[in-house]
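Coordinates as given in run.cif (mmCIF, C-alpha atoms):
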```cif
data_protein
#
loop_
_atom_site.label_atom_id
_atom_site.label_comp_id
_atom_site.auth_asym_id
_atom_site.auth_seq_id
_atom_site.Cartn_x
_atom_site.Cartn_y
_atom_site.Cartn_z
CA MET F 1 0.00 0.00 0.00
CA THR F 2 1.37 3.37 -0.95
CA ALA F 3 1.35 6.39 1.36
CA THR F 4 -1.36 7.97 -0.79
CA GLN F 5 -3.53 4.84 -0.57
CA LEU F 6 -2.98 4.68 3.19
CA GLU F 7 -3.99 8.32 3.62
CA ALA F 8 -7.14 7.73 1.55
CA ALA F 9 -8.02 4.64 3.63
CA LEU F 10 -7.48 6.55 6.88
CA PHE F 11 -9.63 9.39 5.55
CA ARG F 12 -12.47 6.95 4.82
CA LEU F 13 -12.12 5.32 8.25
CA GLY F 14 -12.33 8.79 9.76
CA LEU F 15 -15.51 9.54 7.83
CA LEU F 16 -17.01 6.37 9.29
CA GLY F 17 -15.98 7.41 12.79
CA LEU F 18 -13.63 4.45 13.24
CA ILE F 19 -10.62 6.66 13.94
CA ALA F 20 -10.46 9.88 15.92
CA PRO F 21 -10.22 13.14 13.98
CA ARG F 22 -6.61 14.06 13.22
CA ARG F 23 -4.46 16.25 11.05
CA LYS F 24 -2.34 14.82 8.28
CA GLY F 25 0.81 13.31 9.77
CA GLU F 26 -0.61 12.99 13.32
CA ALA F 27 -0.81 9.63 15.04
CA VAL F 28 -3.82 7.50 14.22
CA ARG F 29 -6.06 6.73 17.20
CA ILE F 30 -8.87 4.26 16.72
CA VAL F 31 -12.22 4.75 18.38
CA ALA F 32 -12.08 1.41 20.19
CA GLY F 33 -15.71 1.41 21.27
CA HIS F 34 -17.09 1.92 17.76
CA ILE F 35 -19.73 -0.67 16.90
CA ALA F 36 -18.13 -1.48 13.53
CA TRP F 37 -14.88 -2.88 14.97
CA ALA F 38 -16.60 -6.05 16.22
CA ALA F 39 -17.98 -6.67 12.74
CA LEU F 40 -14.60 -5.99 11.12
CA ARG F 41 -12.84 -8.37 13.55
CA GLN F 42 -15.04 -11.16 12.24
CA LEU F 43 -13.50 -10.66 8.80
CA THR F 44 -10.03 -11.55 10.06
CA ASP F 45 -10.85 -15.27 10.32
CA LEU F 46 -13.27 -16.34 7.64
CA GLN F 47 -11.96 -19.90 7.29
CA ASN F 48 -14.09 -21.27 10.13
CA ARG F 49 -17.12 -19.33 8.89
CA VAL F 50 -16.70 -20.76 5.39
CA ILE F 51 -16.34 -24.30 6.78
CA ASP F 52 -19.41 -23.85 9.00
CA MET F 53 -21.44 -22.46 6.09
CA VAL F 54 -20.51 -25.37 3.83
CA ARG F 55 -21.29 -27.86 6.61
CA GLU F 56 -24.72 -26.32 7.28
CA ARG F 57 -25.66 -26.12 3.59
CA ALA F 58 -24.42 -29.66 2.85
CA GLN F 59 -26.39 -31.11 5.76
CA ALA F 60 -29.49 -29.24 4.62
CA HIS F 61 -29.26 -30.15 0.91
CA LEU F 62 -27.46 -33.47 0.58
CA HIS F 63 -29.44 -36.51 1.70
CA PRO F 64 -27.86 -38.83 2.46
CA VAL F 65 -24.78 -36.85 3.44
CA PRO F 66 -21.58 -37.47 1.47
CA ASP F 67 -19.08 -40.04 2.69
CA TYR F 68 -16.38 -37.40 2.31
CA LEU F 69 -16.46 -33.63 1.93
CA ALA F 70 -13.40 -31.38 1.84
CA LEU F 71 -12.60 -27.83 0.81
CA LYS F 72 -9.52 -26.65 -1.01
CA GLY F 73 -8.23 -23.41 -2.44
CA ALA F 74 -7.40 -19.83 -1.60
CA VAL F 75 -10.91 -19.05 -0.35
CA VAL F 76 -10.77 -21.57 2.50
CA ASP F 77 -7.05 -20.96 3.07
CA GLY F 78 -7.79 -17.28 3.65
CA THR F 79 -5.36 -16.22 0.94
CA ALA F 80 -7.86 -15.27 -1.78
CA SER F 81 -6.85 -12.00 -3.36
CA HIS F 82 -8.50 -12.11 -6.76
CA PRO F 83 -12.04 -12.71 -8.02
CA ALA F 84 -10.73 -15.72 -9.95
CA ASP F 85 -9.79 -17.49 -6.70
CA VAL F 86 -12.23 -20.35 -6.20
CA LEU F 87 -13.34 -22.76 -3.54
CA GLU F 88 -12.99 -26.41 -4.51
CA LEU F 89 -15.53 -28.81 -3.08
CA ILE F 90 -14.21 -32.39 -3.07
CA VAL F 91 -17.00 -34.91 -2.60
CA VAL F 92 -17.41 -38.67 -2.32
CA ALA F 93 -21.03 -39.68 -2.78
CA PRO F 94 -22.47 -42.16 -0.29
CA PRO F 95 -23.12 -45.66 -1.64
CA THR F 96 -26.86 -45.15 -1.08
CA ALA F 97 -27.01 -41.89 -3.05
CA PRO F 98 -30.10 -41.70 -5.28
CA ALA F 99 -29.66 -41.04 -9.00
CA HIS F 100 -30.52 -37.34 -8.60
CA TRP F 101 -28.01 -36.81 -5.76
CA GLN F 102 -25.48 -35.11 -8.06
CA ASP F 103 -28.20 -32.57 -8.98
CA HIS F 104 -28.34 -31.63 -5.31
CA VAL F 105 -24.56 -31.24 -5.25
CA ALA F 106 -24.80 -28.92 -8.27
CA ALA F 107 -27.51 -26.89 -6.49
CA LEU F 108 -25.29 -26.71 -3.39
CA VAL F 109 -22.37 -25.46 -5.49
CA ALA F 110 -24.56 -22.77 -7.08
CA GLN F 111 -25.87 -21.64 -3.70
CA LEU F 112 -22.39 -21.52 -2.15
CA SER F 113 -21.12 -19.50 -5.13
CA ARG F 114 -23.88 -16.93 -4.53
CA ASP F 115 -23.54 -16.88 -0.73
CA LEU F 116 -19.74 -16.64 -0.72
CA GLY F 117 -19.50 -14.28 -3.67
CA THR F 118 -16.85 -16.44 -5.32
CA GLY F 119 -16.66 -19.33 -7.73
CA VAL F 120 -17.17 -22.78 -6.27
CA ILE F 121 -16.22 -25.87 -8.24
CA HIS F 122 -17.11 -29.46 -7.51
CA ARG F 123 -14.78 -32.40 -7.90
CA SER F 124 -16.06 -35.94 -7.42
CA ALA F 125 -13.93 -38.77 -6.14
CA SER F 126 -14.81 -42.46 -6.03
CA ASP F 127 -13.44 -42.98 -2.51
CA SER F 128 -11.71 -41.13 0.33
CA ARG F 129 -8.24 -42.13 -0.86
CA GLU F 130 -8.84 -40.54 -4.25
CA ALA F 131 -10.39 -37.51 -2.51
CA ASP F 132 -7.34 -37.14 -0.27
CA ALA F 133 -5.13 -37.24 -3.38
CA MET F 134 -7.26 -34.50 -4.98
CA GLY F 135 -6.79 -32.42 -1.85
CA ALA F 136 -3.01 -32.84 -2.14
CA GLY F 137 -2.59 -32.51 1.62
CA THR F 138 -3.99 -28.97 1.69
CA ALA F 139 -7.73 -29.65 1.70
CA VAL F 140 -9.76 -29.03 4.85
CA ARG F 141 -12.04 -31.92 5.70
CA VAL F 142 -15.60 -30.97 6.63
CA LEU F 143 -17.12 -33.39 9.11
CA LEU F 144 -20.83 -34.03 8.73
CA SER F 145 -23.18 -35.82 11.07
#
```

Represent the structure from my file as structure tokens, please.
Amino acid sequence: MTATQLEAALFRLGLLGLIAPRRKGEAVRIVAGHIAWAALRQLTDLQNRVIDMVRERAQAHLHPVPDYLALKGAVVDGTASHPADVLELIVVAPPTAPAHWQDHVAALVAQLSRDLGTGVIHRSASDSREADAMGAGTAVRVLLS
């Protein structure tokens, strides 16, 4: 971030009341009691929120639940920095999955894409070993009940 960008960001934070009024070059003092800081703090750790959202949506839409569900990519890693960064959903269907089960997975992917504001792609694996290989050791397993 350049000095000009920083000054513009501080100006905007000041307009919102998140920092105390100051002159250019003076120390920045946050307004610690401002209501918005609690909301902004929640943005610092979105990984658990993404995992929880996927878990809730999968349990609501996929019956029976998948044998394996994992997430991979910059979105779940918390390193997404570009709109092209996607969330990969790695799924192993349960042996008792009805023929239309994959349609429900596609609907889940579409809903997650809307709710997360990013692309979500689905990768199917035949078993957990293949799914683990797709995750390449970086996927986050989502446990379902």

Exercise. Identify which of the residues F:Val86, F:Leu40, F:Val54, F:Val76 lies closest to Val142 in chain F, counting all atoms listed in the file when measuring atom-to-atom distances.
Key: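 The closest residue to Val142 in chain F is F:Val54.
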
Quiz item: In Å to one decimal, how far is CA of Thr96 in chain F from CA of Lys72 in chain F?
Solution: 25.4 Å

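If you measure from each of F:Glu56, F:Asp45, F:Glu26, F:Glu7 to Leu108 in chain F using all atoms listed in the file, the closest one turns out to be F:Glu56.
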
Quiz item: F:Arg123, F:His104, F:Arg114, F:His63: which is nearest Ser145 in chain F, counting only C-alpha atoms?
Solution: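 Closest residue, counting only C-alpha atoms: F:His63.
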
Quiz item: Using all atoms listed in the file, which of the listed residues (F:Val65, F:Ile19, F:Ala84, F:Ala133) sits closest to Thr118 in chain F?
Solution: F:Ala84

Exercise. Check the smallest atom-to-atom distance from each of F:Arg29, F:Arg23, F:Arg57, F:His100 to Ser113 in chain F using all atoms listed in the file, then report the winner.
Key: F:Arg57

Practice problem: Could you tell me which of F:Val140, F:Ala9, F:Val28, F:Leu46 comes closest to Leu116 in chain F if we count only C-alpha atoms? | Solution: F:Leu46

Quiz item: What gap, in Å, lies between CA of Leu143 in chain F and CA of Gln47 in chain F?
Solution: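 These atoms are spaced 14.6 Å apart.
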
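Here CA of Leu13 in chain F is placed at a distance of 17.2 Å from CA of Gln42 in chain F.
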
Exercise. Name the residues that the PyMOL selection byres ((chain F and resi 134-138) around 10) picks from the file above, as a list in words, using the file's chain letters and numbers.
Key: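 On this input, the PyMOL selection byres ((chain F and resi 134-138) around 10) captures Ala70, Leu71, Lys72, Gly73, Asp77, Glu88, Leu89, Ile90, Arg123, Ser124, Ala125, Ser128, Arg129, Glu130, Ala131, Asp132, Ala133, Ala139, Val140 and Arg141 of chain F.
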
Just-selected residues, C-alpha atoms written as a PDB file, in the coordinates of the input:
```pdb
ATOM      1  CA  ALA F  70     -13.400 -31.380   1.840  1.00  0.00           C
ATOM      2  CA  LEU F  71     -12.600 -27.830   0.810  1.00  0.00           C
ATOM      3  CA  LYS F  72      -9.520 -26.650  -1.010  1.00  0.00           C
ATOM      4  CA  GLY F  73      -8.230 -23.410  -2.440  1.00  0.00           C
ATOM      5  CA  ASP F  77      -7.050 -20.960   3.070  1.00  0.00           C
ATOM      6  CA  GLU F  88     -12.990 -26.410  -4.510  1.00  0.00           C
ATOM      7  CA  LEU F  89     -15.530 -28.810  -3.080  1.00  0.00           C
ATOM      8  CA  ILE F  90     -14.210 -32.390  -3.070  1.00  0.00           C
ATOM      9  CA  ARG F 123     -14.780 -32.400  -7.900  1.00  0.00           C
ATOM     10  CA  SER F 124     -16.060 -35.940  -7.420  1.00  0.00           C
ATOM     11  CA  ALA F 125     -13.930 -38.770  -6.140  1.00  0.00           C
ATOM     12  CA  SER F 128     -11.710 -41.130   0.330  1.00  0.00           C
ATOM     13  CA  ARG F 129      -8.240 -42.130  -0.860  1.00  0.00           C
ATOM     14  CA  GLU F 130      -8.840 -40.540  -4.250  1.00  0.00           C
ATOM     15  CA  ALA F 131     -10.390 -37.510  -2.510  1.00  0.00           C
ATOM     16  CA  ASP F 132      -7.340 -37.140  -0.270  1.00  0.00           C
ATOM     17  CA  ALA F 133      -5.130 -37.240  -3.380  1.00  0.00           C
ATOM     18  CA  ALA F 139      -7.730 -29.650   1.700  1.00  0.00           C
ATOM     19  CA  VAL F 140      -9.760 -29.030   4.850  1.00  0.00           C
ATOM     20  CA  ARG F 141     -12.040 -31.920   5.700  1.00  0.00           C
TER      21      ARG F 141
END
```

Can you write range 3-45 of chain F from the block above with N, CA and C atoms, as a short mmCIF file (atom, residue, chain, number, x, y, z; two decimals), in the first residue's frame?
```
data_model
loop_
_atom_site.label_atom_id
_atom_site.label_comp_id
_atom_site.auth_asym_id
_atom_site.auth_seq_id
_atom_site.Cartn_x
_atom_site.Cartn_y
_atom_site.Cartn_z
N ALA F 3 1.72 5.38 0.37
CA ALA F 3 1.35 6.39 1.36
C ALA F 3 0.05 7.09 0.96
N THR F 4 -0.13 7.32 -0.32
CA THR F 4 -1.36 7.97 -0.79
C THR F 4 -2.57 7.08 -0.55
N GLN F 5 -2.43 5.78 -0.82
CA GLN F 5 -3.53 4.84 -0.57
C GLN F 5 -3.84 4.75 0.92
N LEU F 6 -2.79 4.74 1.75
CA LEU F 6 -2.98 4.68 3.19
C LEU F 6 -3.73 5.92 3.68
N GLU F 7 -3.33 7.07 3.21
CA GLU F 7 -3.99 8.32 3.62
C GLU F 7 -5.46 8.30 3.21
N ALA F 8 -5.75 7.81 2.01
CA ALA F 8 -7.14 7.73 1.55
C ALA F 8 -7.94 6.76 2.41
N ALA F 9 -7.33 5.62 2.76
CA ALA F 9 -8.02 4.64 3.63
C ALA F 9 -8.28 5.23 5.00
N LEU F 10 -7.30 5.92 5.56
CA LEU F 10 -7.48 6.55 6.88
C LEU F 10 -8.56 7.63 6.83
N PHE F 11 -8.61 8.37 5.72
CA PHE F 11 -9.63 9.39 5.55
C PHE F 11 -11.03 8.75 5.59
N ARG F 12 -11.17 7.65 4.86
CA ARG F 12 -12.47 6.95 4.82
C ARG F 12 -12.83 6.38 6.19
N LEU F 13 -11.86 5.82 6.89
CA LEU F 13 -12.12 5.32 8.25
C LEU F 13 -12.55 6.46 9.16
N GLY F 14 -11.95 7.63 8.98
CA GLY F 14 -12.33 8.79 9.76
C GLY F 14 -13.75 9.23 9.47
N LEU F 15 -14.14 9.19 8.20
CA LEU F 15 -15.51 9.54 7.83
C LEU F 15 -16.52 8.61 8.49
N LEU F 16 -16.13 7.35 8.65
CA LEU F 16 -17.01 6.37 9.29
C LEU F 16 -16.99 6.47 10.82
N GLY F 17 -16.07 7.27 11.34
CA GLY F 17 -15.98 7.41 12.79
C GLY F 17 -15.16 6.33 13.46
N LEU F 18 -14.42 5.55 12.68
CA LEU F 18 -13.63 4.45 13.24
C LEU F 18 -12.29 4.92 13.81
N ILE F 19 -11.82 6.07 13.36
CA ILE F 19 -10.62 6.66 13.94
C ILE F 19 -10.95 8.08 14.38
N ALA F 20 -10.23 8.53 15.38
CA ALA F 20 -10.46 9.88 15.92
C ALA F 20 -9.99 10.92 14.91
N PRO F 21 -10.65 12.07 14.90
CA PRO F 21 -10.22 13.14 13.98
C PRO F 21 -8.75 13.47 14.22
N ARG F 22 -8.04 13.77 13.13
CA ARG F 22 -6.61 14.06 13.22
C ARG F 22 -6.19 14.91 12.04
N ARG F 23 -5.05 15.52 12.17
CA ARG F 23 -4.46 16.25 11.05
C ARG F 23 -3.51 15.31 10.32
N LYS F 24 -3.26 15.62 9.07
CA LYS F 24 -2.34 14.82 8.28
C LYS F 24 -1.00 14.74 9.00
N GLY F 25 -0.48 13.52 9.12
CA GLY F 25 0.81 13.31 9.77
C GLY F 25 0.71 13.02 11.27
N GLU F 26 -0.46 13.29 11.90
CA GLU F 26 -0.61 12.99 13.32
C GLU F 26 -0.86 11.50 13.50
N ALA F 27 -0.61 11.05 14.71
CA ALA F 27 -0.81 9.63 15.04
C ALA F 27 -2.27 9.25 14.85
N VAL F 28 -2.47 8.04 14.41
CA VAL F 28 -3.82 7.50 14.22
C VAL F 28 -4.27 6.89 15.54
N ARG F 29 -5.46 7.29 15.98
CA ARG F 29 -6.06 6.73 17.20
C ARG F 29 -7.42 6.16 16.84
N ILE F 30 -7.58 4.86 17.05
CA ILE F 30 -8.87 4.26 16.72
C ILE F 30 -9.89 4.59 17.81
N VAL F 31 -11.13 4.59 17.43
CA VAL F 31 -12.22 4.75 18.38
C VAL F 31 -12.62 3.32 18.77
N ALA F 32 -11.98 2.82 19.82
CA ALA F 32 -12.08 1.41 20.19
C ALA F 32 -13.50 0.95 20.46
N GLY F 33 -14.35 1.81 20.94
CA GLY F 33 -15.71 1.41 21.27
C GLY F 33 -16.68 1.45 20.10
N HIS F 34 -16.19 1.81 18.92
CA HIS F 34 -17.09 1.92 17.76
C HIS F 34 -17.70 0.56 17.44
N ILE F 35 -18.97 0.56 17.16
CA ILE F 35 -19.73 -0.67 16.90
C ILE F 35 -19.18 -1.47 15.71
N ALA F 36 -18.59 -0.81 14.74
CA ALA F 36 -18.13 -1.48 13.53
C ALA F 36 -16.91 -2.36 13.75
N TRP F 37 -16.10 -2.08 14.78
CA TRP F 37 -14.88 -2.88 14.97
C TRP F 37 -15.20 -4.35 15.22
N ALA F 38 -16.25 -4.65 15.96
CA ALA F 38 -16.60 -6.05 16.22
C ALA F 38 -16.92 -6.77 14.90
N ALA F 39 -17.65 -6.08 14.03
CA ALA F 39 -17.98 -6.67 12.74
C ALA F 39 -16.72 -6.87 11.89
N LEU F 40 -15.83 -5.89 11.91
CA LEU F 40 -14.60 -5.99 11.12
C LEU F 40 -13.68 -7.09 11.65
N ARG F 41 -13.66 -7.30 12.97
CA ARG F 41 -12.84 -8.37 13.55
C ARG F 41 -13.26 -9.73 13.02
N GLN F 42 -14.54 -9.88 12.75
CA GLN F 42 -15.04 -11.16 12.24
C GLN F 42 -14.47 -11.48 10.86
N LEU F 43 -14.06 -10.46 10.14
CA LEU F 43 -13.50 -10.66 8.80
C LEU F 43 -12.07 -11.18 8.83
N THR F 44 -11.42 -11.13 9.99
CA THR F 44 -10.03 -11.55 10.06
C THR F 44 -9.87 -13.07 10.03
N ASP F 45 -10.93 -13.81 10.35
CA ASP F 45 -10.85 -15.27 10.32
C ASP F 45 -12.10 -15.83 9.67
#
```
